Amino acid sequence: MSDAALPRRPAWLAGRATGPRLARHTLTLIALALLLAPLADLSVVTRDPWTELGRMLQGLAWPDFASVESPFHALGLTVSVALWGTLAGVVLGFPLALLFARSRLVRAGCAFVRAIHELFWALLFLQVFGLSALTALAALAIPYAGIFAKVFAEILEQTPRAPADALPPGVGRLSRFLYAELPLAWTQLAAYIRYRFECGLRASVLLGFVGLPTLGFQLETAFREGRYPEAGALLWCFYLLIATLPWWSHRRLVPLLLVGGVFLLGPWPAVDGGLLWRFVSQDLWPAPLLAGDGAGLVDWFASIPELAPAIGNTLLLALLGTVGALLVAMALWPLASRHFGHPASRLAGRGLLVLLRSTPELMLAFVFLLLLGPSLLPAWLALALHNGALIAFLVARHADGLEPGMPGLPASGRLAYELLPRVYPSLLALLYYRAEVILRETAILGMLGVATLGYYIDENFQYLMFDTAAFLLLVTAGLNIAVDALSRRLRPREVPQEDPCLR
Amino acid sequence: MAPTEHTNEPLLTLDGVDLGHGERVVLPRVHLHLARGERVALLGPSGAGKSTLLAALRERLGGAVAWCPQHHGLVPGLAVYHNVYMGRLAEHSALANLWNLVRPLRGPWGEVAALCELVGLDGLMRRPVGQLSGGQRQRTAIARALYQQREVFLGDEPVASVDPHQAHRLLGLIEQRHTTSVIALHQRELALTRFDRVWGLRDGRLVIDAPASTLSLDDLDALYPDADDTAASAEAPEPAAPSPASLPCSRGRA
């Protein structure tokens with residue numbers, strides 16, 4: 001057959017099949033990140049990062065458990081805060097879930113509280129409740145209520161209709177819900193609560209960074225003061241806590257943990273109602289707005305620090321973090337998959353992924369920051385590694401459930417022809433889910449000194465300029481909601497109904 | 001079971017009504033008459049509109065109906081007892097229903113236990129429906145319908161996945177406890193032996209509406225397009241009609 005008679009050979013990555021389409025999509029994303037990367041400050045500021053890294057790894061390898069002061073109290077408090085915070089989130093979120101589909105107001109409110117990171121909520125409540133368990137619980141419960149409302153509503157919406165249709169006429173709404181809806185959704189609801197509790201555990205550790213006496217507080221101090229063996233010991237405690245989660249968080253033990261937690265959480269602060277009301281009704285609002293002074297409001301706006309660079313940095317870091325997470329996930333998932341390597345390499349790969357994904361991103365960023373100095377680089381590394389490992393872990397699990405149609409292909413062929421085409425759409429979908437989380441994390445990394453929106457929020461709280469801080473929180477939330485909507489549009493449509501526990 | 005064609009007190013009359021879901025008409029211009037005391041077998045290939053017709057009857061007869069839907073409409077996470085109890089959910093207060101989930105109410109527990117023994121589910125009352133076999137689920141669904149204690153039984157293939165002997169026994173129970181019944185099924189012999197009247201649906205039309213005594217298996221075979229080719233071998237028993245288990249379930253036509 002002559003060349004002319006052949007069907008036309010497609011150009012590079014041309015075609016409407018899912019593979020080339022998603023490849024083009026991905027390459028565009030990477031190109032965009034490369035194009036914008038020069039705008040980001042990715043310099044290494046510290047003089048000798050390698051020696052410092054060596055000392056840290058040494059601390060991790062030879063932890064000094066004796067130097068940790070009352071580790072059990074910190075661990076217990078971390079668990080109690082996560083447990084009670086999640087429970088309060090369920091209690092607040094469940095009724096909202098029932099209204100979710102019907103009320104635009106509820107949906108908007110939930111989107112708003114979700115869009116603000118737990119740590120920012122903690123900063124806010126810190127002003128009224130001080131360094132107390134109430135601050136910690138509220139910081140978890142409020143955003144989680146918004147998340148639970150949304151996810152519960154989605155789960156309930158997907159329950160089969162047949163049992164409810166089969167009921168005799170005249171059954172009340174509550175009875176119908178109790179018998180024909182709730183039992184059908186129960187397993188999924190419970191699985192999601194459990195997943196959220198794990199997130200709560202990480203968030204609870206992070207609350208130590210704003211001064212609450214959870215594990216993170218001791219971790220931060222130890223790291224900051226260069227006591228790496230102590231920091232290493234604390235980190236191992238945390239990993240142990242996460243690794244043994246399935247045993248100590250058994251269904252039957254939860255009531256016991258809840259009761260024990262109450263004793264650890266105290267002493268409760270005396271809430272001054274007048275002070276609280278003043279904070280909510282006056283301190284959070286610009287004074288000219290309350291006074292109805294139009295010109296004063298313009299001046300007030302002028303007094304807000306230049307936001308464009310901070311917003312730019314936030315978005316840029318989120319984009320870089322997302323693309324970095326994509327690259328990390330692509331590089332790491334085969335390490336943990338049963339289709340590649342040998343048992344030892346897989347064990348190492350899985351271990352690495354579990355370590356990276358259990359370490360809270362703020363923690364990672366903090367360590368990199370100590371190593372590299374305050375530029376966008378440590379934040380970027382932390383976001384890419386943490387989220388990339390998380391996605392890689394899920395993708396490896398997905399791939400392990402697949403059976404290659406043609407056994408005996410070489411590893412490269414297995415990757416490129418058998419597995420990647422099947423797992424890539426869900427990998428990309430996961431990435432777009434994470435994009436919103438990454439943006440939220442980007443903002444809080446500012447608390448470490450990276451010049452994102454969070455930096456200014458933290459600063460304004462420190463200077464007691466609550467009105468400005470509240471305004472910046474609003475900006476952050478708005479940004480988050482916008483990026484969430486964007487990532488939902490970009491997400492590949494090929495992936496069927498996804499498990500909420502993967503977000 | 002003497003034919004009771006002459007009881008005649010009308011329960012429901014459809015006179016040229018279009019039946020369907022919303023805008024989509026599945027059964028155009030239906031004419032039929034259901035008399036009190038009548039036992040009707042509803043036959044037809046899957047997708048012919050049996051479920052649509054039953055749903056329309058259910059809607060029109062309202063509170064008089066004990067309803068046994070296709071695919072049972074059971075809740076897998078609840079025990080057999082609770083699934084049967086759901087038949088009378090409307091008769092108790094929400095609070096009583098809630099408490100019943102915590103601990104079964106004494107009265108209903110006894111009544112449901114008696115029913116479960118009748119349909120052959122004794123000893124399974126506390127087992128989650130998700131752990132039951134297909135036949136056991138079917139019997140749970142029938143027990144739930146019986147528990148409602150209504151005048152009319154409407155069943156969408158209630159005896160599709162039980163063995164022939166059980167089918168006879170369960171149909172007997174249904175007859176005993178309801179004055180009137182309309183039951184969709186695929187077993188043609190059962191339709192001729194246990195029912196007064198047969199309604200046959202094909203392609204959205206009611207093509208048979210006659211006393212069971214005037215019909216033969218050949219007449220019923222004509223309802224099934226797949227049986228046309230093998231019409232010569234009329235005495236071919238069950239296999240001629242598509243067995244309900246092998247058919248794709250027609251979701252969304254409840």
# chains A, B, ... in the order shown; residues from 1 in each chain; ligands from 1

$ interface_residues --of "chain B" --to "chain A" --cutoff "6 Å" --atoms "only C-alpha atoms" --output "PyMOL selection string"
chain B and resi 73-74+77+90+94

$ residues_around --residues "A:Leu39" --least-positions-apart "5" --cutoff "10 Å" --atoms "only C-alpha atoms" --output "mmCIF file with N, CA and C atoms, in the first residue's frame"
data_model
loop_
_atom_site.group_PDB
_atom_site.id
_atom_site.type_symbol
_atom_site.label_atom_id
_atom_site.label_comp_id
_atom_site.auth_asym_id
_atom_site.auth_seq_id
_atom_site.Cartn_x
_atom_site.Cartn_y
_atom_site.Cartn_z
ATOM 1 N N LEU A 34 4.562 26.598 34.067
ATOM 2 C CA LEU A 34 5.938 26.948 33.702
ATOM 3 C C LEU A 34 6.027 28.410 33.294
ATOM 4 N N GLY A 312 -2.351 37.502 44.085
ATOM 5 C CA GLY A 312 -1.570 36.902 43.005
ATOM 6 C C GLY A 312 -0.724 35.754 43.522
ATOM 7 N N ASN A 313 -0.028 35.996 44.632
ATOM 8 C CA ASN A 313 0.808 34.944 45.210
ATOM 9 C C ASN A 313 -0.017 33.728 45.604
ATOM 10 N N LEU A 316 -1.079 31.944 42.440
ATOM 11 C CA LEU A 316 0.093 31.370 41.783
ATOM 12 C C LEU A 316 0.572 30.134 42.538
#

$ select_by_dssp --residues "stretch 145-212 of chain B" --states "helix (DSSP H, G or I)" --output "ChimeraX atom specification"
/B:145-147,164-177,188-194,212

$ write_last_selection --atoms "N, CA and C atoms" --output "CSV table (one decimal), in the first residue's frame"
chain,number,residue,atom,x,y,z
B,145,ALA,N,-46.7,-6.5,52.7
B,145,ALA,CA,-48.0,-6.2,52.1
B,145,ALA,C,-49.1,-6.8,53.0
B,146,LEU,N,-49.0,-8.0,53.4
B,146,LEU,CA,-50.0,-8.7,54.2
B,146,LEU,C,-50.2,-7.9,55.5
B,147,TYR,N,-49.2,-7.4,56.1
B,147,TYR,CA,-49.2,-6.7,57.4
B,147,TYR,C,-50.1,-5.4,57.3
B,164,PRO,N,-42.1,-23.2,42.8
B,164,PRO,CA,-43.6,-23.3,42.4
B,164,PRO,C,-44.5,-23.6,43.6
B,165,HIS,N,-44.0,-24.5,44.5
B,165,HIS,CA,-44.8,-24.8,45.6
B,165,HIS,C,-45.1,-23.6,46.5
B,166,GLN,N,-44.0,-22.9,46.8
B,166,GLN,CA,-44.1,-21.7,47.6
B,166,GLN,C,-45.0,-20.7,47.0
B,167,ALA,N,-44.9,-20.6,45.6
B,167,ALA,CA,-45.7,-19.6,44.9
B,167,ALA,C,-47.2,-19.9,45.2
B,168,HIS,N,-47.6,-21.2,45.1
B,168,HIS,CA,-48.9,-21.6,45.4
B,168,HIS,C,-49.4,-21.2,46.8
B,169,ARG,N,-48.5,-21.5,47.7
B,169,ARG,CA,-48.8,-21.3,49.1
B,169,ARG,C,-49.0,-19.7,49.4
B,170,LEU,N,-48.0,-19.0,48.8
B,170,LEU,CA,-48.1,-17.5,49.0
B,170,LEU,C,-49.3,-16.9,48.4
B,171,LEU,N,-49.6,-17.4,47.2
B,171,LEU,CA,-50.8,-16.9,46.5
B,171,LEU,C,-52.1,-17.2,47.3
B,172,GLY,N,-52.0,-18.4,47.9
B,172,GLY,CA,-53.2,-18.8,48.8
B,172,GLY,C,-53.3,-17.8,49.9
B,173,LEU,N,-52.2,-17.5,50.5
B,173,LEU,CA,-52.2,-16.5,51.7
B,173,LEU,C,-52.8,-15.2,51.2
B,174,ILE,N,-52.3,-14.7,50.1
B,174,ILE,CA,-52.8,-13.4,49.6
B,174,ILE,C,-54.3,-13.5,49.3
B,175,GLU,N,-54.8,-14.6,48.7
B,175,GLU,CA,-56.2,-14.7,48.5
B,175,GLU,C,-57.0,-14.7,49.8
B,176,GLN,N,-56.5,-15.4,50.7
B,176,GLN,CA,-57.2,-15.5,52.0
B,176,GLN,C,-57.4,-14.2,52.7
B,177,ARG,N,-56.4,-13.3,52.5
B,177,ARG,CA,-56.4,-12.1,53.3
B,177,ARG,C,-56.8,-10.8,52.6
B,188,ARG,N,-47.6,-18.7,33.5
B,188,ARG,CA,-48.9,-18.7,32.8
B,188,ARG,C,-49.8,-19.8,33.4
B,189,GLU,N,-49.2,-20.9,33.9
B,189,GLU,CA,-50.1,-21.9,34.5
B,189,GLU,C,-50.8,-21.4,35.7
B,190,LEU,N,-50.0,-20.7,36.5
B,190,LEU,CA,-50.6,-20.1,37.8
B,190,LEU,C,-51.7,-19.1,37.4
B,191,ALA,N,-51.5,-18.4,36.3
B,191,ALA,CA,-52.5,-17.4,35.9
B,191,ALA,C,-53.8,-18.1,35.6
B,192,LEU,N,-53.7,-19.2,35.0
B,192,LEU,CA,-54.9,-19.9,34.6
B,192,LEU,C,-55.6,-20.6,35.7
B,193,THR,N,-54.8,-21.2,36.6
B,193,THR,CA,-55.4,-22.0,37.7
B,193,THR,C,-55.8,-21.2,38.9
B,194,ARG,N,-55.1,-20.1,39.2
B,194,ARG,CA,-55.4,-19.5,40.5
B,194,ARG,C,-56.1,-18.2,40.4
B,212,ALA,N,-60.4,-16.4,33.2
B,212,ALA,CA,-59.3,-17.3,33.1
B,212,ALA,C,-59.8,-18.6,32.5

$ closest_residue --among "B:Leu223, B:Gly110, B:Arg103, B:Val75" --to "B:Gln131" --atoms "only C-alpha atoms"
B:Val75

$ atom_distance --atom1 "atom CA of A:Leu265" --atom2 "atom CA of A:Leu201"
14.8 Å

$ atom_distance --atom1 "atom CA of B:Gly123" --atom2 "atom CA of B:Trp109"
12.7 Å

$ residues_around --residues "B:Ala184" --least-positions-apart "2" --cutoff "6 Å" --atoms "only C-alpha atoms" --output "ChimeraX atom specification"
/B:41-43,156-157

$ closest_residue --among "A:Leu327, A:Leu83, A:Leu317, A:Ile457" --to "A:Val259" --atoms "only C-alpha atoms"
A:Leu83

$ select_by_dssp --residues "stretch 39-226 of chain B" --states "strand (DSSP E or B)" --output "PyMOL selection string"
chain B and resi 39-43+65-68+79+128+152-156+180-184+197-202+205-211

$ residues_around --residues "stretch 137-147 of chain A" --least-positions-apart "5" --cutoff "6 Å" --atoms "only C-alpha atoms" --output "PDB file with N, CA and C atoms, in the first residue's frame"
ATOM      1  N   GLY A  85     -14.805  17.895  68.077  1.00  0.00           N
ATOM      2  CA  GLY A  85     -14.999  18.842  66.972  1.00  0.00           C
ATOM      3  C   GLY A  85     -15.784  18.194  65.849  1.00  0.00           C
ATOM      4  N   ALA A  88     -19.414  17.655  66.996  1.00  0.00           N
ATOM      5  CA  ALA A  88     -20.176  18.909  66.946  1.00  0.00           C
ATOM      6  C   ALA A  88     -20.487  19.271  65.500  1.00  0.00           C
ATOM      7  N   GLY A  89     -19.531  19.019  64.602  1.00  0.00           N
ATOM      8  CA  GLY A  89     -19.766  19.285  63.181  1.00  0.00           C
ATOM      9  C   GLY A  89     -20.923  18.464  62.653  1.00  0.00           C
ATOM     10  N   LEU A  92     -24.236  19.864  64.071  1.00  0.00           N
ATOM     11  CA  LEU A  92     -24.636  21.106  63.407  1.00  0.00           C
ATOM     12  C   LEU A  92     -24.957  20.865  61.938  1.00  0.00           C
ATOM     13  N   GLY A  93     -24.188  19.987  61.297  1.00  0.00           N
ATOM     14  CA  GLY A  93     -24.299  19.834  59.850  1.00  0.00           C
ATOM     15  C   GLY A  93     -25.490  19.008  59.413  1.00  0.00           C
ATOM     16  N   CYS A 110     -23.034  27.414  53.821  1.00  0.00           N
ATOM     17  CA  CYS A 110     -22.134  26.267  53.951  1.00  0.00           C
ATOM     18  C   CYS A 110     -20.894  26.457  53.090  1.00  0.00           C
ATOM     19  N   VAL A 113     -18.580  28.919  55.018  1.00  0.00           N
ATOM     20  CA  VAL A 113     -17.838  28.414  56.186  1.00  0.00           C
ATOM     21  C   VAL A 113     -16.828  27.348  55.781  1.00  0.00           C
ATOM     22  N   ARG A 114     -17.150  26.604  54.713  1.00  0.00           N
ATOM     23  CA  ARG A 114     -16.201  25.603  54.222  1.00  0.00           C
ATOM     24  C   ARG A 114     -14.947  26.246  53.657  1.00  0.00           C
ATOM     25  N   GLU A 118      -9.655  25.763  58.890  1.00  0.00           N
ATOM     26  CA  GLU A 118      -9.831  25.581  60.331  1.00  0.00           C
ATOM     27  C   GLU A 118      -8.962  26.547  61.139  1.00  0.00           C
ATOM     28  N   TRP A 121     -10.395  30.002  61.350  1.00  0.00           N
ATOM     29  CA  TRP A 121     -11.485  30.012  62.335  1.00  0.00           C
ATOM     30  C   TRP A 121     -10.904  30.058  63.740  1.00  0.00           C
ATOM     31  N   ALA A 122      -9.821  29.292  63.944  1.00  0.00           N
ATOM     32  CA  ALA A 122      -9.195  29.280  65.265  1.00  0.00           C
ATOM     33  C   ALA A 122      -8.688  30.671  65.623  1.00  0.00           C
TER      34      ALA A 122
END

$ atom_distance --atom1 "atom CA of B:Gln136" --atom2 "atom CA of B:His72"
11.0 Å

$ residues_around --residues "A:Val128" --least-positions-apart "4" --cutoff "8 Å" --atoms "only C-alpha atoms" --output "list in words"
Leu124, Leu275, Leu276 and Phe279 of chain A

$ closest_residue --among "B:Val17, B:Gly49, B:Phe153, B:Met125" --to "B:Gly37" --atoms "only C-alpha atoms"
B:Phe153

$ closest_residue --among "B:Ala222, B:Ala210, B:Leu27, B:Leu124" --to "B:Asn83" --atoms "only C-alpha atoms"
B:Leu124

$ residues_around --residues "stretch 195-201 of chain B" --least-positions-apart "6" --cutoff "9 Å" --atoms "only C-alpha atoms" --output "number ranges by chain"
B: 1-5, 38-45, 48-50, 207-213, 215, 220, 223

$ write_last_selection --atoms "N, CA and C atoms" --output "PDB file, in the first residue's frame"
ATOM      1  N   MET B   1     -61.794 -22.254  44.709  1.00  0.00           N
ATOM      2  CA  MET B   1     -61.869 -20.894  44.189  1.00  0.00           C
ATOM      3  C   MET B   1     -62.887 -20.787  43.064  1.00  0.00           C
ATOM      4  N   ALA B   2     -64.119 -20.636  43.385  1.00  0.00           N
ATOM      5  CA  ALA B   2     -65.124 -20.485  42.332  1.00  0.00           C
ATOM      6  C   ALA B   2     -64.958 -19.122  41.676  1.00  0.00           C
ATOM      7  N   PRO B   3     -65.114 -19.081  40.348  1.00  0.00           N
ATOM      8  CA  PRO B   3     -65.012 -17.771  39.690  1.00  0.00           C
ATOM      9  C   PRO B   3     -66.046 -16.832  40.282  1.00  0.00           C
ATOM     10  N   THR B   4     -65.681 -15.633  40.450  1.00  0.00           N
ATOM     11  CA  THR B   4     -66.603 -14.690  41.088  1.00  0.00           C
ATOM     12  C   THR B   4     -66.889 -13.525  40.166  1.00  0.00           C
ATOM     13  N   GLU B   5     -67.140 -13.871  38.885  1.00  0.00           N
ATOM     14  CA  GLU B   5     -67.334 -12.806  37.899  1.00  0.00           C
ATOM     15  C   GLU B   5     -68.590 -11.994  38.179  1.00  0.00           C
ATOM     16  N   GLU B  38     -62.725  -9.717  42.745  1.00  0.00           N
ATOM     17  CA  GLU B  38     -62.094 -10.333  41.591  1.00  0.00           C
ATOM     18  C   GLU B  38     -60.612 -10.588  41.856  1.00  0.00           C
ATOM     19  N   ARG B  39     -60.088 -11.680  41.297  1.00  0.00           N
ATOM     20  CA  ARG B  39     -58.652 -11.969  41.384  1.00  0.00           C
ATOM     21  C   ARG B  39     -58.093 -11.947  39.973  1.00  0.00           C
ATOM     22  N   VAL B  40     -57.258 -10.977  39.710  1.00  0.00           N
ATOM     23  CA  VAL B  40     -56.797 -10.746  38.340  1.00  0.00           C
ATOM     24  C   VAL B  40     -55.315 -11.062  38.228  1.00  0.00           C
ATOM     25  N   ALA B  41     -54.954 -11.826  37.187  1.00  0.00           N
ATOM     26  CA  ALA B  41     -53.538 -12.048  36.868  1.00  0.00           C
ATOM     27  C   ALA B  41     -53.174 -11.100  35.740  1.00  0.00           C
ATOM     28  N   LEU B  42     -52.045 -10.410  35.901  1.00  0.00           N
ATOM     29  CA  LEU B  42     -51.619  -9.455  34.883  1.00  0.00           C
ATOM     30  C   LEU B  42     -50.394 -10.040  34.195  1.00  0.00           C
ATOM     31  N   LEU B  43     -50.519 -10.314  32.897  1.00  0.00           N
ATOM     32  CA  LEU B  43     -49.414 -10.928  32.169  1.00  0.00           C
ATOM     33  C   LEU B  43     -48.913 -10.023  31.052  1.00  0.00           C
ATOM     34  N   GLY B  44     -47.697 -10.312  30.624  1.00  0.00           N
ATOM     35  CA  GLY B  44     -47.132  -9.560  29.505  1.00  0.00           C
ATOM     36  C   GLY B  44     -45.630  -9.557  29.618  1.00  0.00           C
ATOM     37  N   PRO B  45     -44.959  -9.377  28.484  1.00  0.00           N
ATOM     38  CA  PRO B  45     -43.495  -9.359  28.528  1.00  0.00           C
ATOM     39  C   PRO B  45     -42.998  -8.153  29.315  1.00  0.00           C
ATOM     40  N   ALA B  48     -43.895  -4.226  28.880  1.00  0.00           N
ATOM     41  CA  ALA B  48     -45.184  -4.046  28.220  1.00  0.00           C
ATOM     42  C   ALA B  48     -46.029  -2.996  28.924  1.00  0.00           C
ATOM     43  N   GLY B  49     -45.689  -2.664  30.166  1.00  0.00           N
ATOM     44  CA  GLY B  49     -46.452  -1.644  30.874  1.00  0.00           C
ATOM     45  C   GLY B  49     -47.161  -2.165  32.109  1.00  0.00           C
ATOM     46  N   LYS B  50     -46.782  -3.367  32.569  1.00  0.00           N
ATOM     47  CA  LYS B  50     -47.450  -3.933  33.744  1.00  0.00           C
ATOM     48  C   LYS B  50     -47.278  -3.032  34.973  1.00  0.00           C
ATOM     49  N   VAL B 207     -54.408  -6.490  25.421  1.00  0.00           N
ATOM     50  CA  VAL B 207     -54.898  -7.339  24.338  1.00  0.00           C
ATOM     51  C   VAL B 207     -55.735  -8.502  24.855  1.00  0.00           C
ATOM     52  N   ILE B 208     -55.576  -8.851  26.124  1.00  0.00           N
ATOM     53  CA  ILE B 208     -56.433  -9.897  26.698  1.00  0.00           C
ATOM     54  C   ILE B 208     -57.124  -9.330  27.926  1.00  0.00           C
ATOM     55  N   ASP B 209     -58.446  -9.492  27.998  1.00  0.00           N
ATOM     56  CA  ASP B 209     -59.192  -9.155  29.216  1.00  0.00           C
ATOM     57  C   ASP B 209     -60.359 -10.135  29.253  1.00  0.00           C
ATOM     58  N   ALA B 210     -60.101 -11.310  29.851  1.00  0.00           N
ATOM     59  CA  ALA B 210     -61.101 -12.371  29.762  1.00  0.00           C
ATOM     60  C   ALA B 210     -61.042 -13.237  31.006  1.00  0.00           C
ATOM     61  N   PRO B 211     -62.143 -13.948  31.309  1.00  0.00           N
ATOM     62  CA  PRO B 211     -62.111 -14.880  32.435  1.00  0.00           C
ATOM     63  C   PRO B 211     -61.066 -15.962  32.182  1.00  0.00           C
ATOM     64  N   ALA B 212     -60.386 -16.352  33.237  1.00  0.00           N
ATOM     65  CA  ALA B 212     -59.308 -17.322  33.091  1.00  0.00           C
ATOM     66  C   ALA B 212     -59.833 -18.636  32.525  1.00  0.00           C
ATOM     67  N   SER B 213     -61.080 -18.965  32.824  1.00  0.00           N
ATOM     68  CA  SER B 213     -61.611 -20.257  32.403  1.00  0.00           C
ATOM     69  C   SER B 213     -61.758 -20.335  30.885  1.00  0.00           C
ATOM     70  N   LEU B 215     -59.580 -19.157  28.711  1.00  0.00           N
ATOM     71  CA  LEU B 215     -58.280 -18.991  28.052  1.00  0.00           C
ATOM     72  C   LEU B 215     -57.471 -20.285  28.103  1.00  0.00           C
ATOM     73  N   LEU B 220     -52.189 -17.232  25.973  1.00  0.00           N
ATOM     74  CA  LEU B 220     -51.259 -16.429  26.773  1.00  0.00           C
ATOM     75  C   LEU B 220     -49.900 -16.315  26.081  1.00  0.00           C
ATOM     76  N   LEU B 223     -48.892 -13.389  23.954  1.00  0.00           N
ATOM     77  CA  LEU B 223     -48.464 -12.111  24.537  1.00  0.00           C
ATOM     78  C   LEU B 223     -46.960 -11.896  24.389  1.00  0.00           C
TER      79      LEU B 223
END

$ closest_atom_pairs --of "stretch 341-387 of chain A" --to "stretch 392-402 of chain A" --cutoff "8 Å" --atoms "only C-alpha atoms" --output "JSON lines"
{"residue": "A:Arg350", "atom": "CA", "partner": "A:Phe393", "partner_atom": "CA", "distance": 7.6}
{"residue": "A:Leu353", "atom": "CA", "partner": "A:Phe393", "partner_atom": "CA", "distance": 6.4}
{"residue": "A:Val354", "atom": "CA", "partner": "A:Phe393", "partner_atom": "CA", "distance": 7.7}

$ residues_around --residues "stretch 359-370 of chain A" --least-positions-apart "4" --cutoff "6 Å" --atoms "only C-alpha atoms" --output "list in words"
Arg202, Pro374, Pro378, Ala379, Ala382 and His386 of chain A

$ write_last_selection --atoms "C-alpha atoms" --output "PDB file, in the first residue's frame"
ATOM      1  CA  ARG A 202      -4.494  16.489  61.422  1.00  0.00           C
ATOM      2  CA  PRO A 374      10.660  32.348  53.652  1.00  0.00           C
ATOM      3  CA  PRO A 378       9.012  25.692  50.795  1.00  0.00           C
ATOM      4  CA  ALA A 379       5.275  26.225  50.552  1.00  0.00           C
ATOM      5  CA  ALA A 382       5.024  21.088  50.917  1.00  0.00           C
ATOM      6  CA  HIS A 386       1.597  16.255  50.613  1.00  0.00           C
TER       7      HIS A 386
END

$ decode --residues "stretch 312-346 of chain A" --atoms "C-alpha atoms" --output "mmCIF file, in the first residue's frame"
data_model
loop_
_atom_site.group_PDB
_atom_site.id
_atom_site.type_symbol
_atom_site.label_atom_id
_atom_site.label_comp_id
_atom_site.auth_asym_id
_atom_site.auth_seq_id
_atom_site.Cartn_x
_atom_site.Cartn_y
_atom_site.Cartn_z
ATOM 1 C CA GLY A 312 -1.570 36.902 43.005
ATOM 2 C CA ASN A 313 0.808 34.944 45.210
ATOM 3 C CA THR A 314 -2.038 32.885 46.638
ATOM 4 C CA LEU A 315 -3.367 31.931 43.216
ATOM 5 C CA LEU A 316 0.093 31.370 41.783
ATOM 6 C CA LEU A 317 1.084 29.145 44.664
ATOM 7 C CA ALA A 318 -2.153 27.204 44.318
ATOM 8 C CA LEU A 319 -1.514 26.675 40.606
ATOM 9 C CA LEU A 320 2.095 25.643 41.169
ATOM 10 C CA GLY A 321 1.063 23.425 44.061
ATOM 11 C CA THR A 322 -1.617 21.731 41.968
ATOM 12 C CA VAL A 323 0.729 21.093 39.054
ATOM 13 C CA GLY A 324 3.451 19.971 41.462
ATOM 14 C CA ALA A 325 1.007 17.573 43.116
ATOM 15 C CA LEU A 326 0.162 16.205 39.678
ATOM 16 C CA LEU A 327 3.822 15.556 38.879
ATOM 17 C CA VAL A 328 4.511 14.041 42.300
ATOM 18 C CA ALA A 329 1.450 11.809 42.024
ATOM 19 C CA MET A 330 2.458 10.647 38.543
ATOM 20 C CA ALA A 331 5.963 9.840 39.736
ATOM 21 C CA LEU A 332 4.999 8.145 42.995
ATOM 22 C CA TRP A 333 1.901 6.065 42.370
ATOM 23 C CA PRO A 334 3.651 3.236 40.501
ATOM 24 C CA LEU A 335 5.966 2.833 43.503
ATOM 25 C CA ALA A 336 3.097 1.704 45.685
ATOM 26 C CA SER A 337 1.158 -0.286 43.086
ATOM 27 C CA ARG A 338 1.203 -4.083 42.959
ATOM 28 C CA HIS A 339 1.771 -3.954 39.199
ATOM 29 C CA PHE A 340 5.360 -2.698 39.516
ATOM 30 C CA GLY A 341 8.572 -3.438 41.376
ATOM 31 C CA HIS A 342 9.083 -6.143 43.969
ATOM 32 C CA PRO A 343 7.705 -6.493 47.507
ATOM 33 C CA ALA A 344 10.515 -4.513 49.127
ATOM 34 C CA SER A 345 10.178 -1.548 46.745
ATOM 35 C CA ARG A 346 6.436 -1.547 47.170
#
